[in-house]
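All remarks here apply to the structure that follows.
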Amino acid sequence: MRLDAVPDGPGSAALTDELEAVAHRVGRFIKRLEVDADDVELWLNRRGSWGWRVDGRDLEARMAPQRDTVAFRVFRDGRVGVAQADALDEATWLKAIQAALAQAEPDARPLPPAPAARRPGPMTFDPELADQLAPARGLHRVAAALVDNTWHEAERIPGLARVDGEVRYVVDRYVVASTAGVVASLHAHLRGHIELNGVYGDLMHQTHAPESYLPLALLGARTWRTMPRAHVTPADLGFSDVLPVVLHPRVLEQLVRRVGPVVFDAAGRPGGQPALTDGAEIAAPGVTLVDDPGLDGLSTSRPFDDEGVPTRRTPLLVRGRVTQLWRTRAEAARTGAVPSGCAWRRPEGGAAGLIERPRPGFGSVLMERGDVGFHDIVASVDRAVLVHALDDLRVDPATGGFRAKVRWGVTLETDRESRLLAPGAWRLAGNLFSLPGGPTGLLEDALLSRELYDTGTGILPYCFGQLDL
C-alpha cells in the first residue's frame with residue numbers, strides 16, 4: 001500500500017470526543033431500554049490500531065481504525081444470560097439482549113452496582129503521543145528507520161536473512177454501563193517488535209511520548225549486533241532434566257499473569273480445589289507480588305474493572321505469604337467482603353468467541369525487587385539460560401503447573417560467549433508457587449534481581465531458579 005493512500009489516524013482531541021460520544025450513546029441506550037429484566041449490564045471495548053508490518057525490507061500498512069466488542073449480561077428472577085455483539089448498533093444490541101434472556105441460567109450473582117472508577121485514575125493515555133503518531137507518515141517514519149537501521153547493521157555483520165516485526169499504535173476505549181450509570185476510560189500504547197532469522201528478537205512497549213524515537217528506530221540494529229550466532233540444544237550443554245534458568249521480566253510477568261488467576265481467586269481453584277487462606281506460605285520470604293491497576297504509564301492500568309467496580313491496589317503476596325485474594329463482585333457479595341476490582345473479560349474461544357463472565361486477573365503487575373544484582377546472579381553459575389520469550393504456554397488450572405516452549409533465549413556460560421537456544425529444542429515445565437500438597441514452586445527458592453524492568457504492563461525483576469526441562 002502506498003503511503004499517500006494510508007489515512008491518518010485520529011489525534012487526541014478526536015479520540016477523547018469519540019469516547020465521550022460512545023459512552024453517551026451507551027448510557028442513552030440503557031436508559032431507554034424496554035425489556036423484561038431486572039437489570040442489563042453492558043461492557044464495550046473499541047480497539048483501533050495503526051501500524052506497519054515489517055517483511056524483510058518492505059513495510060505493509062496494517063490499519064484497523066476500529067473493532068467493536070460488546071458483551072451483555074442480563075439479570076432476571078435469579079437467572080443470568082450472556083450474549084455478545086460486534087458492532088455499535090442498537091438493533092443488534094437489542095437482539096443480543098433478547099438472546100441472553102432466552103438462554104438465561106440460574107445464577108445467584110447480585111445485580112450490578114452503580115459503575116464507578118477509582119480516583120485519581122491512572123495515566124494510560126498520552127495526548128502528545130497520540131498527536132505525534134496520528135499522521136500515517138509519522139508512524140511510517142519510525143517503522144522505516146527500524147528497517148533501514150537493521151539492514152544497515154547487517155551490511156557490517158553478514159548473516160541476516162529474514163526480518164519480521166511491526167510498529168503499531170493501539171488505542172482502547174472501555175465503557176461499562178448498567179441502569180445505575182456509566183463509566184468510560186481511554187488507553188493507548190506504542191509497540192515495536194522485531195524478530196531476526198526467525199530465532200531471536202526484542203520488543204518495546206510504551207505509553208508516554210518519548211523524548212526521542214531513536215531507541216525504537218535502533219531496535220533491530222541493536223538486536224542484530226548483540227545476537228549470538230551459534231545454536232545449542234539441551235544435550236549440547238549437558239542438561240537432561242533440571243534447567244538453571246534466568247527469566248526475563250517479560251517472561252516472569254507472562255507466567256505470573258497466567259498462573260495468578262489459578263492461585264489468588266478467592267472462589268477457589270477449578271476441580272474443587274479450595275482457595276488459599278491468608279498467611280499461607282507459597283513463595284520465598286523475598287517475594288512480594290501486588291496487583292496494582294493504578295500504576296501510571298502502564299497500558300493495562302484501569303480505573304475500573306470489566307464489571308464497573310473501582311480497581312484497587314491488592315497485595316496478593318507479601319514476603320512469600322498470601323495476604324489478600326482477588327474477590328470479584330459476586331464473591332464479595334457472597335462473603336460480605338469488598339470487591340477487589342479484579343474482574344476481567346477474556347475470550348473463551350469457540351466459533352462465536354463469546355466473552356464469558358468476568359474472571360479474576362491482574363490489572364498491572366508489580367513485584368518487589370530482590371537483593372542481588374543481575375550480573376552477580378549470572379556470575380554465580382557456570383551454565384544457565386536466559387529466556388526472553390515463551391510460546392505455547394499452558395497452565396493446569398487445578399495445580400497451577402505450567403509447560404511452555406522457549407521462543408527466544410541465550411546461554412549464560414562463564415567460559416565462553418552466549419549462544420542461541422535452538423528453536424523448538426527447549427521446553428520448560430514446573431510450578432511458579434508452592435501450593436499446599438503440590439511440588440515446590442520456582443519462587444520458593446528463587447533469586448530476584450535488584451534491577452526492576454518496566455515491561456509496559458508490569459514492573460518486575462529478573463528471576464533465577466530451577467525448572468524442569
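Order determines the names: the first chain of the C-alpha cells is A, the second B, and so forth; residues in each chain are numbered 1 upward, and ligands are numbered 1 upward as they are shown.
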
Give the alpha helix (DSSP H) residues of stretch 126-217 of chain A, as DSSP finds them on the backbone, and put them as a PyMOL selection string.
chain A and resi 127-133+136-156+214-217

Contacts between stretch 109-131 of chain A and stretch 182-263 of chain A, please, where a residue of stretch 182-263 of chain A counts if it comes within 8 Å (with only C-alpha atoms); show its shortest atom pair and distance in Å to one decimal, rows by chain and ascending number, as a tab-separated table.
residue	atom	partner	partner_atom	distance
A:Val182	CA	A:Pro115	CA	5.9
A:Val183	CA	A:Pro115	CA	6.1
A:Leu186	CA	A:Phe125	CA	6.3
A:His187	CA	A:Phe125	CA	4.8
A:Ala188	CA	A:Phe125	CA	5.3
A:His189	CA	A:Phe125	CA	7.6
A:Thr207	CA	A:Thr124	CA	6.5
A:His208	CA	A:Asp126	CA	5.4
A:Ala209	CA	A:Leu129	CA	4.5
A:Pro210	CA	A:Leu129	CA	8.0

Based on the selection just made, write C-alpha atoms of those residues as a PDB file, in the first residue's frame.
ATOM      1  CA  VAL A 182     -21.841   4.583  33.005  1.00  0.00           C
ATOM      2  CA  VAL A 183     -18.030   4.734  33.304  1.00  0.00           C
ATOM      3  CA  LEU A 186      -9.205   5.741  27.230  1.00  0.00           C
ATOM      4  CA  HIS A 187      -5.917   3.848  26.821  1.00  0.00           C
ATOM      5  CA  ALA A 188      -3.181   3.767  24.190  1.00  0.00           C
ATOM      6  CA  HIS A 189       0.339   2.466  23.672  1.00  0.00           C
ATOM      7  CA  THR A 207       2.512   4.558  26.852  1.00  0.00           C
ATOM      8  CA  HIS A 208       4.015   8.043  27.078  1.00  0.00           C
ATOM      9  CA  ALA A 209       5.589  10.099  24.306  1.00  0.00           C
ATOM     10  CA  PRO A 210       9.383   9.587  24.413  1.00  0.00           C
TER      11      PRO A 210
END

Interatomic distance, atom CA of A:Val22 to atom CA of A:Leu101 (Å, one decimal):
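Atom CA of A:Leu101 lies at a distance of 24.5 Å from atom CA of A:Val22.
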
Using only C-alpha atoms, which protein or nucleic acid residues come within 12 Å of stretch 71-79 of chain A? Drop anything in the same chain fewer than 4 positions from it, and give the result as JSON, numbers by chain.
{"A": [26, 30, 35, 36, 37, 38, 39, 40, 41, 42, 43, 44, 45, 46, 83, 84, 85, 86, 87, 88, 92, 93, 94, 95, 96, 97, 98, 99, 100, 101, 102, 103, 104, 105, 106, 107, 108, 109, 110, 111, 112, 174, 175, 176, 177, 178, 179, 306, 307, 344, 345, 346, 347, 353, 354, 355, 356, 357, 358]}

Which residue of A:His152, A:Arg359, A:His248, A:Arg312 approaches A:Leu386 most closely, using only C-alpha atoms:
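Looking at the shortest contact to A:Leu386, the residue is A:His248.
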
Of the listed residues A:Thr233, A:Val263, A:Asp415, A:Arg319, that which approaches A:Arg427 most closely, counting only C-alpha atoms:
A:Thr233

Find, counting only C-alpha atoms, the residue in A:Arg416, A:Arg394, A:Arg191, A:Arg173 that gets nearest to A:Ala429.
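Among A:Arg416, A:Arg394, A:Arg191, A:Arg173, it is A:Arg394 that comes nearest to A:Ala429.
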
So that I can check the surroundings of A:Glu417, please list as a ChimeraX atom specification every protein, DNA and RNA residue that reaches within 10 Å of it, counting only C-alpha atoms and ignoring chain neighbours fewer than 6 positions away.
/A:228,230,410-411

So which residues touch stretch 58-63 of chain A within 12 Å, counting only C-alpha atoms, skipping near sequence neighbours fewer than 4 positions away, as JSON, numbers by chain?
{"A": [1, 2, 3, 4, 5, 6, 7, 8, 9, 47, 48, 49, 50, 51, 52, 53, 54, 67, 134, 136, 137, 139, 140, 141, 142, 143, 144, 145, 146, 147, 148, 151, 162, 163, 164, 165, 166, 167, 168, 169, 170, 171]}

For the selection you just gave me, I'd like the residues written to a file as a CSV table (one decimal), in the first residue's frame, keeping C-alpha atoms.
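Written output follows (selection30.csv):
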chain,number,residue,atom,x,y,z
A,1,MET,CA,0.0,0.0,0.0
A,2,ARG,CA,1.3,3.4,-0.9
A,3,LEU,CA,2.0,5.9,1.9
A,4,ASP,CA,-0.2,8.6,0.3
A,5,ALA,CA,-3.1,6.1,0.3
A,6,VAL,CA,-2.9,5.4,4.0
A,7,PRO,CA,-5.4,7.6,6.0
A,8,ASP,CA,-4.2,9.5,9.1
A,9,GLY,CA,-5.3,8.2,12.5
A,47,ARG,CA,-9.9,-1.1,19.7
A,48,GLY,CA,-8.2,0.8,17.0
A,49,SER,CA,-4.7,0.2,15.7
A,50,TRP,CA,-2.4,1.9,13.2
A,51,GLY,CA,0.8,0.2,12.2
A,52,TRP,CA,3.3,-1.1,9.7
A,53,ARG,CA,4.3,-4.7,9.4
A,54,VAL,CA,7.9,-5.4,8.7
A,67,ARG,CA,-13.1,-3.1,16.1
A,134,ALA,CA,-1.8,10.3,14.2
A,136,ALA,CA,0.4,8.0,8.9
A,137,ARG,CA,3.7,9.4,7.7
A,139,LEU,CA,4.4,6.3,12.3
A,140,HIS,CA,5.8,5.2,8.9
A,141,ARG,CA,9.0,7.2,9.5
A,142,VAL,CA,9.7,5.3,12.7
A,143,ALA,CA,9.0,1.9,11.1
A,144,ALA,CA,11.1,2.8,8.1
A,145,ALA,CA,14.0,3.8,10.3
A,146,LEU,CA,13.7,0.5,12.2
A,147,VAL,CA,14.0,-1.4,8.8
A,148,ASP,CA,16.8,0.8,7.4
A,151,TRP,CA,19.7,-3.8,7.3
A,162,ARG,CA,15.0,-12.7,7.4
A,163,VAL,CA,13.4,-9.8,9.3
A,164,ASP,CA,9.9,-9.8,10.7
A,165,GLY,CA,8.1,-7.4,13.0
A,166,GLU,CA,5.9,-4.4,13.3
A,167,VAL,CA,5.4,-0.9,14.7
A,168,ARG,CA,1.9,-0.4,15.9
A,169,TYR,CA,-0.1,2.3,17.9
A,170,VAL,CA,-3.0,0.7,19.7
A,171,VAL,CA,-6.0,2.6,21.2

Please determine, counting only C-alpha atoms, which residue among A:Leu393, A:Leu247, A:Val387, A:Ala283 has the shortest atom-to-atom distance to A:Pro436.
A:Ala283

What parts of stretch 60-138 of chain A does DSSP call strand (DSSP E)? I'd like the answer as a list in words.
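Here are the strand (DSSP E) residues of stretch 60-138 of chain A: Glu60, Ala61, Arg62, Met63, Ala64, Pro65, Gln66, Arg67, Asp68, Thr69, Val70, Ala71, Phe72, Arg73, Val74, Phe75, Arg76, Arg79, Val80, Gly81, Val82, Ala83, Gln84, Ala85, Glu105 and Pro106 of chain A.
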
Nearest-residue call for A:Phe464, choices A:Pro65, A:Gly336, A:Gly373, A:Pro423, using only C-alpha atoms
A:Gly373
